[in-house]
Amino acid sequence: MKNNNPLVLRMDDVGASSKKFNVYSKSRLGNFLFLKRVKPFKAWGPYDEISVEQWKKIIELLSSYNFKLTVAITASWVDENNNLIPFPEKFPNQANLLKDAFKNEMIEIVNHGLTHCVVGKHLPRYFTSVRKYHREFWDWIPDDTQKMHLEESSRILKEWLGNKIDTFVPPGNVYSKYTVEALNELNFSRINSSVQLDCHYKNLKMIDEKNVFAFHDKDISILGIDWFKNQLIKFQAKYSASFLREL
Ligand SMILES: [Zn+2]
């Protein structure tokens with residue numbers, strides 16, 4: 001039976017180049033040269049960005065099942081030469097469609113970092129895993145770099161959508177007290193993560209994942225739209241749809 005429990009459906013990694021470069025294996029042998037790109041050694045990437053056609057279907061399904069989706073966007077794509085390409089430039093068609101859905105309040109858009117990775121360390125290695133470097137806000141990243149990444153990602157999202165995006169979802173649930181300080185300085189309103197730090201969040205509302213179903217664009221890319229449809233059917237029977245900012 002349906003109750004009034006709110007549920008946020010949150011899709012991470014839209015626009016993040018980690019889907020291309022976070023190529024690693026869970027076995028040591030699998031990290032040897034090209035083996036990591038080949039099944040069964042492949043563990044994360046590469047997979048494709050969600051296409052415009054797929055987004056259209058996702059939006060249709062949200063409308064049919066009267067549910068909501070929070071999209072965690074990484075504001076720029078990092079290429080093999082360390083260039084940062086803003087999401088609306090790299091994926092203009094997806095960006096237009098998502099902007100419309102955002103304006104119609106079909107989706108909520110939140111900040112999932114500027115790069116999702118440590119720039120310059122993000123390319124696959126021949127002998128070791130690169131996974132660690134596909135997190136952005138480690139405590140060993142200088143505070144001014146962290147602040148710059150938050151500031152620049154905010155700027156890109158605002159220029160694209162016309163609204164300030166004030167909810168932050170740290171890539172891979174990795175962030176530090178410096179990140180929290182910078183978020184406060186930049187007037188973010190909330191952070192959503194399964195990890196809670198022992199620090200003062202001040203004006204930042206800390207939202208855990210108790211009412212959040214977090215998944216990745218990878219799930220749709222690999223498992224297909226029907227997988228997403230089945231999640232919607234399951235959730236809409238039990239929960240009331242919510243955005244993070246409504247929790
Ligand atoms: Zn992520």
# chains A, B, ... in the order shown; residues from 1 in each chain; ligands from 1
$ residues_around --residues "stretch 129-143 of chain A" --least-positions-apart "6" --cutoff "8 Å" --atoms "only C-alpha atoms" --output "JSON, numbers by chain"
{"A": [18, 22, 23, 24, 25, 31, 113, 115, 116, 117, 118, 121, 122, 123, 170, 171, 172, 174, 175, 176, 177, 178, 179, 182]}
$ select_by_dssp --residues "stretch 171-231 of chain A" --states "helix (DSSP H, G or I)" --output "list in words"
Pro171, Gly172, Asn173, Lys177, Tyr178, Thr179, Val180, Glu181, Ala182, Leu183, Asn184, Glu185, Asp217, Lys218, Asp219, Ile220, Ser221, Ile222, Leu223, Ile225, Asp226, Trp227, Phe228, Lys229, Asn230 and Gln231 of chain A
$ residues_around --residues "A:Ala214" --least-positions-apart "6" --cutoff "12 Å" --atoms "only C-alpha atoms" --output "ChimeraX atom specification"
/A:7-13,69-72,169,171-173,192-194,208,231,244
$ residues_around --residues "A:Ile85" --least-positions-apart "3" --cutoff "12 Å" --atoms "only C-alpha atoms" --output "short mmCIF file (atom, residue, chain, number, x, y, z; two decimals) with N, CA and C atoms, in the first residue's frame"
data_model
loop_
_atom_site.label_atom_id
_atom_site.label_comp_id
_atom_site.auth_asym_id
_atom_site.auth_seq_id
_atom_site.Cartn_x
_atom_site.Cartn_y
_atom_site.Cartn_z
N GLY A 15 27.01 13.62 -17.79
CA GLY A 15 28.02 14.56 -18.26
C GLY A 15 29.44 14.28 -17.78
N ALA A 16 29.62 13.27 -16.93
CA ALA A 16 30.96 13.02 -16.37
C ALA A 16 31.80 12.14 -17.30
N SER A 17 33.03 12.54 -17.54
CA SER A 17 33.89 11.76 -18.44
C SER A 17 34.47 10.53 -17.76
N THR A 74 27.62 16.50 -13.69
CA THR A 74 29.00 16.96 -13.59
C THR A 74 29.18 18.04 -14.66
N ALA A 75 29.53 19.25 -14.21
CA ALA A 75 29.40 20.43 -15.08
C ALA A 75 30.33 20.45 -16.28
N SER A 76 31.43 19.70 -16.23
CA SER A 76 32.24 19.67 -17.45
C SER A 76 32.88 18.31 -17.69
N TRP A 77 33.05 18.06 -18.97
CA TRP A 77 33.70 16.84 -19.46
C TRP A 77 35.19 17.11 -19.50
N VAL A 78 36.00 16.18 -19.00
CA VAL A 78 37.45 16.35 -19.04
C VAL A 78 37.99 15.44 -20.15
N ASP A 79 38.67 16.03 -21.12
CA ASP A 79 39.13 15.18 -22.22
C ASP A 79 40.56 14.67 -21.96
N GLU A 80 41.14 13.98 -22.95
CA GLU A 80 42.43 13.33 -22.70
C GLU A 80 43.57 14.35 -22.57
N ASN A 81 43.32 15.60 -23.01
CA ASN A 81 44.36 16.64 -22.87
C ASN A 81 44.08 17.60 -21.72
N ASN A 82 43.27 17.17 -20.78
CA ASN A 82 42.93 17.97 -19.58
C ASN A 82 42.09 19.21 -19.90
N PRO A 88 26.76 21.93 -21.44
CA PRO A 88 25.92 22.38 -22.55
C PRO A 88 26.66 22.49 -23.88
N GLU A 89 28.00 22.55 -23.83
CA GLU A 89 28.78 22.58 -25.07
C GLU A 89 29.06 21.18 -25.57
N LYS A 90 29.37 20.30 -24.63
CA LYS A 90 29.73 18.92 -24.99
C LYS A 90 28.49 18.14 -25.45
N PHE A 91 27.36 18.38 -24.77
CA PHE A 91 26.13 17.63 -25.10
C PHE A 91 24.97 18.61 -25.30
N PRO A 92 25.02 19.46 -26.36
CA PRO A 92 24.03 20.53 -26.51
C PRO A 92 22.59 20.03 -26.63
N LEU A 114 32.64 19.54 -10.74
CA LEU A 114 33.06 20.16 -12.00
C LEU A 114 33.65 19.12 -12.94
N THR A 115 34.37 18.14 -12.38
CA THR A 115 35.13 17.19 -13.22
C THR A 115 34.88 15.71 -12.89
N GLU A 152 33.18 27.24 -10.20
CA GLU A 152 33.11 27.11 -11.66
C GLU A 152 31.94 26.22 -12.10
N SER A 153 31.71 25.13 -11.37
CA SER A 153 30.57 24.28 -11.73
C SER A 153 29.26 25.03 -11.53
N ILE A 156 28.74 27.43 -14.48
CA ILE A 156 28.31 26.74 -15.70
C ILE A 156 26.83 26.37 -15.62
#
$ residues_around --residues "stretch 183-187 of chain A" --least-positions-apart "4" --cutoff "10 Å" --atoms "only C-alpha atoms" --output "PDB file with C-alpha atoms, in the first residue's frame"
ATOM      1  CA  GLN A 146      38.009  22.633  -4.158  1.00  0.00           C
ATOM      2  CA  LYS A 147      36.430  26.078  -3.931  1.00  0.00           C
ATOM      3  CA  LEU A 150      32.505  24.418  -6.824  1.00  0.00           C
ATOM      4  CA  GLU A 151      32.469  28.007  -8.031  1.00  0.00           C
ATOM      5  CA  SER A 154      27.981  26.649 -10.205  1.00  0.00           C
ATOM      6  CA  LYS A 164      21.414  28.992  -9.127  1.00  0.00           C
ATOM      7  CA  ASP A 166      22.329  25.096  -4.638  1.00  0.00           C
ATOM      8  CA  THR A 167      22.317  21.349  -3.930  1.00  0.00           C
ATOM      9  CA  PHE A 168      25.607  19.456  -4.066  1.00  0.00           C
ATOM     10  CA  LYS A 177      35.508  19.716   5.837  1.00  0.00           C
ATOM     11  CA  TYR A 178      37.145  22.082   3.320  1.00  0.00           C
ATOM     12  CA  THR A 179      34.446  21.174   0.839  1.00  0.00           C
ATOM     13  CA  ILE A 191      24.502  18.479   0.467  1.00  0.00           C
ATOM     14  CA  TYR A 201      27.660  21.972   8.344  1.00  0.00           C
ATOM     15  CA  LYS A 202      26.594  25.513   9.333  1.00  0.00           C
ATOM     16  CA  ASN A 203      24.024  26.778   6.806  1.00  0.00           C
ATOM     17  CA  LEU A 204      24.293  23.643   4.748  1.00  0.00           C
TER      18      LEU A 204
END
$ atom_distance --atom1 "atom CA of A:Leu61" --atom2 "atom CA of A:Lys229"
6.8 Å
$ select_by_dssp --residues "stretch 24-229 of chain A" --states "strand (DSSP E or B)" --output "ChimeraX atom specification"
/A:69-73,76-78,84-86,107-111,167-168,190-192,205-207,212-216
$ write_last_selection --atoms "N, CA and C atoms" --output "tab-separated table (two decimals), in the first residue's frame"
chain	number	residue	atom	x	y	z
A	69	LEU	N	12.47	12.96	-10.93
A	69	LEU	CA	13.85	12.50	-11.04
A	69	LEU	C	14.81	13.65	-10.72
A	70	THR	N	15.79	13.35	-9.88
A	70	THR	CA	16.86	14.31	-9.60
A	70	THR	C	18.07	13.90	-10.41
A	71	VAL	N	18.58	14.82	-11.23
A	71	VAL	CA	19.70	14.50	-12.11
A	71	VAL	C	20.96	15.21	-11.58
A	72	ALA	N	21.94	14.41	-11.19
A	72	ALA	CA	23.20	14.96	-10.66
A	72	ALA	C	24.19	15.10	-11.81
A	73	ILE	N	24.43	16.36	-12.19
A	73	ILE	CA	25.23	16.64	-13.38
A	73	ILE	C	26.63	17.10	-13.02
A	76	SER	N	31.43	19.70	-16.23
A	76	SER	CA	32.24	19.67	-17.45
A	76	SER	C	32.88	18.31	-17.69
A	77	TRP	N	33.05	18.06	-18.97
A	77	TRP	CA	33.70	16.84	-19.46
A	77	TRP	C	35.19	17.11	-19.50
A	78	VAL	N	36.00	16.18	-19.00
A	78	VAL	CA	37.45	16.35	-19.04
A	78	VAL	C	37.99	15.44	-20.15
A	84	LEU	N	38.62	21.16	-20.13
A	84	LEU	CA	37.30	21.04	-19.51
A	84	LEU	C	36.25	21.63	-20.45
A	85	ILE	N	35.28	20.81	-20.84
A	85	ILE	CA	34.24	21.26	-21.78
A	85	ILE	C	32.90	21.29	-21.05
A	86	PRO	N	32.31	22.49	-20.91
A	86	PRO	CA	31.04	22.58	-20.17
A	86	PRO	C	29.96	21.66	-20.76
A	107	ILE	N	12.09	17.41	-13.70
A	107	ILE	CA	13.33	16.95	-13.07
A	107	ILE	C	13.91	18.07	-12.19
A	108	GLU	N	14.74	17.64	-11.25
A	108	GLU	CA	15.54	18.57	-10.45
A	108	GLU	C	16.98	18.38	-10.90
A	109	ILE	N	17.72	19.47	-11.03
A	109	ILE	CA	19.13	19.33	-11.40
A	109	ILE	C	19.99	19.74	-10.22
A	110	VAL	N	20.98	18.90	-9.89
A	110	VAL	CA	21.88	19.20	-8.78
A	110	VAL	C	23.33	19.10	-9.26
A	111	ASN	N	24.21	19.70	-8.47
A	111	ASN	CA	25.63	19.81	-8.82
A	111	ASN	C	26.39	18.54	-8.40
A	167	THR	N	22.19	22.67	-4.57
A	167	THR	CA	22.32	21.35	-3.93
A	167	THR	C	23.54	20.65	-4.52
A	168	PHE	N	24.36	20.10	-3.64
A	168	PHE	CA	25.61	19.46	-4.07
A	168	PHE	C	25.60	17.98	-3.69
A	190	ARG	N	22.23	22.83	0.40
A	190	ARG	CA	22.21	21.46	0.90
A	190	ARG	C	23.27	20.57	0.24
A	191	ILE	N	23.61	19.51	0.99
A	191	ILE	CA	24.50	18.48	0.47
A	191	ILE	C	23.80	17.15	0.69
A	192	ASN	N	23.87	16.27	-0.30
A	192	ASN	CA	23.23	14.96	-0.18
A	192	ASN	C	24.30	13.89	-0.37
A	205	LYS	N	22.33	22.21	4.72
A	205	LYS	CA	21.51	21.12	5.23
A	205	LYS	C	22.11	19.80	4.76
A	206	MET	N	22.42	18.92	5.72
A	206	MET	CA	22.98	17.62	5.37
A	206	MET	C	21.82	16.63	5.18
A	207	ILE	N	21.69	16.10	3.99
A	207	ILE	CA	20.63	15.12	3.71
A	207	ILE	C	21.29	13.77	3.48
A	212	VAL	N	16.56	8.31	-0.34
A	212	VAL	CA	17.11	8.51	-1.68
A	212	VAL	C	17.45	7.17	-2.31
A	213	PHE	N	17.00	6.96	-3.53
A	213	PHE	CA	17.49	5.82	-4.31
A	213	PHE	C	18.47	6.37	-5.34
A	214	ALA	N	19.76	6.14	-5.06
A	214	ALA	CA	20.79	6.68	-5.94
A	214	ALA	C	21.23	5.61	-6.94
A	215	PHE	N	21.25	6.00	-8.21
A	215	PHE	CA	21.76	5.09	-9.23
A	215	PHE	C	22.60	5.90	-10.21
A	216	HIS	N	23.11	5.27	-11.25
A	216	HIS	CA	23.98	5.97	-12.20
A	216	HIS	C	23.38	5.93	-13.60
$ residues_around --residues "A:Gly224" --least-positions-apart "2" --cutoff "12 Å" --atoms "only C-alpha atoms" --output "PyMOL selection string"
chain A and resi 48+50-51+54-55+57-58+216-222+226-231
$ write_last_selection --atoms "C-alpha atoms" --output "PDB file, in the first residue's frame"
ATOM      1  CA  ASP A  48      27.876   5.840 -23.473  1.00  0.00           C
ATOM      2  CA  ILE A  50      22.526   8.897 -22.314  1.00  0.00           C
ATOM      3  CA  SER A  51      21.276   9.900 -25.770  1.00  0.00           C
ATOM      4  CA  GLN A  54      16.782   7.864 -24.273  1.00  0.00           C
ATOM      5  CA  TRP A  55      16.178  11.115 -22.388  1.00  0.00           C
ATOM      6  CA  LYS A  57      11.784   8.160 -23.115  1.00  0.00           C
ATOM      7  CA  ILE A  58      12.872   8.843 -19.546  1.00  0.00           C
ATOM      8  CA  HIS A 216      23.978   5.972 -12.196  1.00  0.00           C
ATOM      9  CA  ASP A 217      23.376   6.837 -15.829  1.00  0.00           C
ATOM     10  CA  LYS A 218      25.386   3.647 -16.354  1.00  0.00           C
ATOM     11  CA  ASP A 219      22.416   1.586 -15.131  1.00  0.00           C
ATOM     12  CA  ILE A 220      20.292   2.946 -17.947  1.00  0.00           C
ATOM     13  CA  SER A 221      23.101   2.693 -20.465  1.00  0.00           C
ATOM     14  CA  ILE A 222      23.760  -0.951 -19.586  1.00  0.00           C
ATOM     15  CA  ASP A 226      12.952  -0.997 -19.216  1.00  0.00           C
ATOM     16  CA  TRP A 227      15.036  -1.294 -16.078  1.00  0.00           C
ATOM     17  CA  PHE A 228      14.220   2.344 -15.297  1.00  0.00           C
ATOM     18  CA  LYS A 229      10.539   1.762 -16.053  1.00  0.00           C
ATOM     19  CA  ASN A 230      10.479  -1.168 -13.627  1.00  0.00           C
ATOM     20  CA  GLN A 231      11.994   0.990 -10.896  1.00  0.00           C
TER      21      GLN A 231
END
$ closest_residue --among "A:Val14, A:Ala101, A:Leu232, A:Val52" --to "ligand 1" --atoms "only C-alpha atoms and all ligand atoms"
A:Val14
$ atom_distance --atom1 "atom CA of A:Arg125" --atom2 "atom CA of A:Gly45"
13.4 Å
$ closest_residue --among "A:Leu223, A:Ala95, A:Leu197, A:His112" --to "ligand 1" --atoms "only C-alpha atoms and all ligand atoms"
A:His112
$ atom_distance --atom1 "atom CA of A:Gln196" --atom2 "atom CA of A:Glu209"
10.3 Å
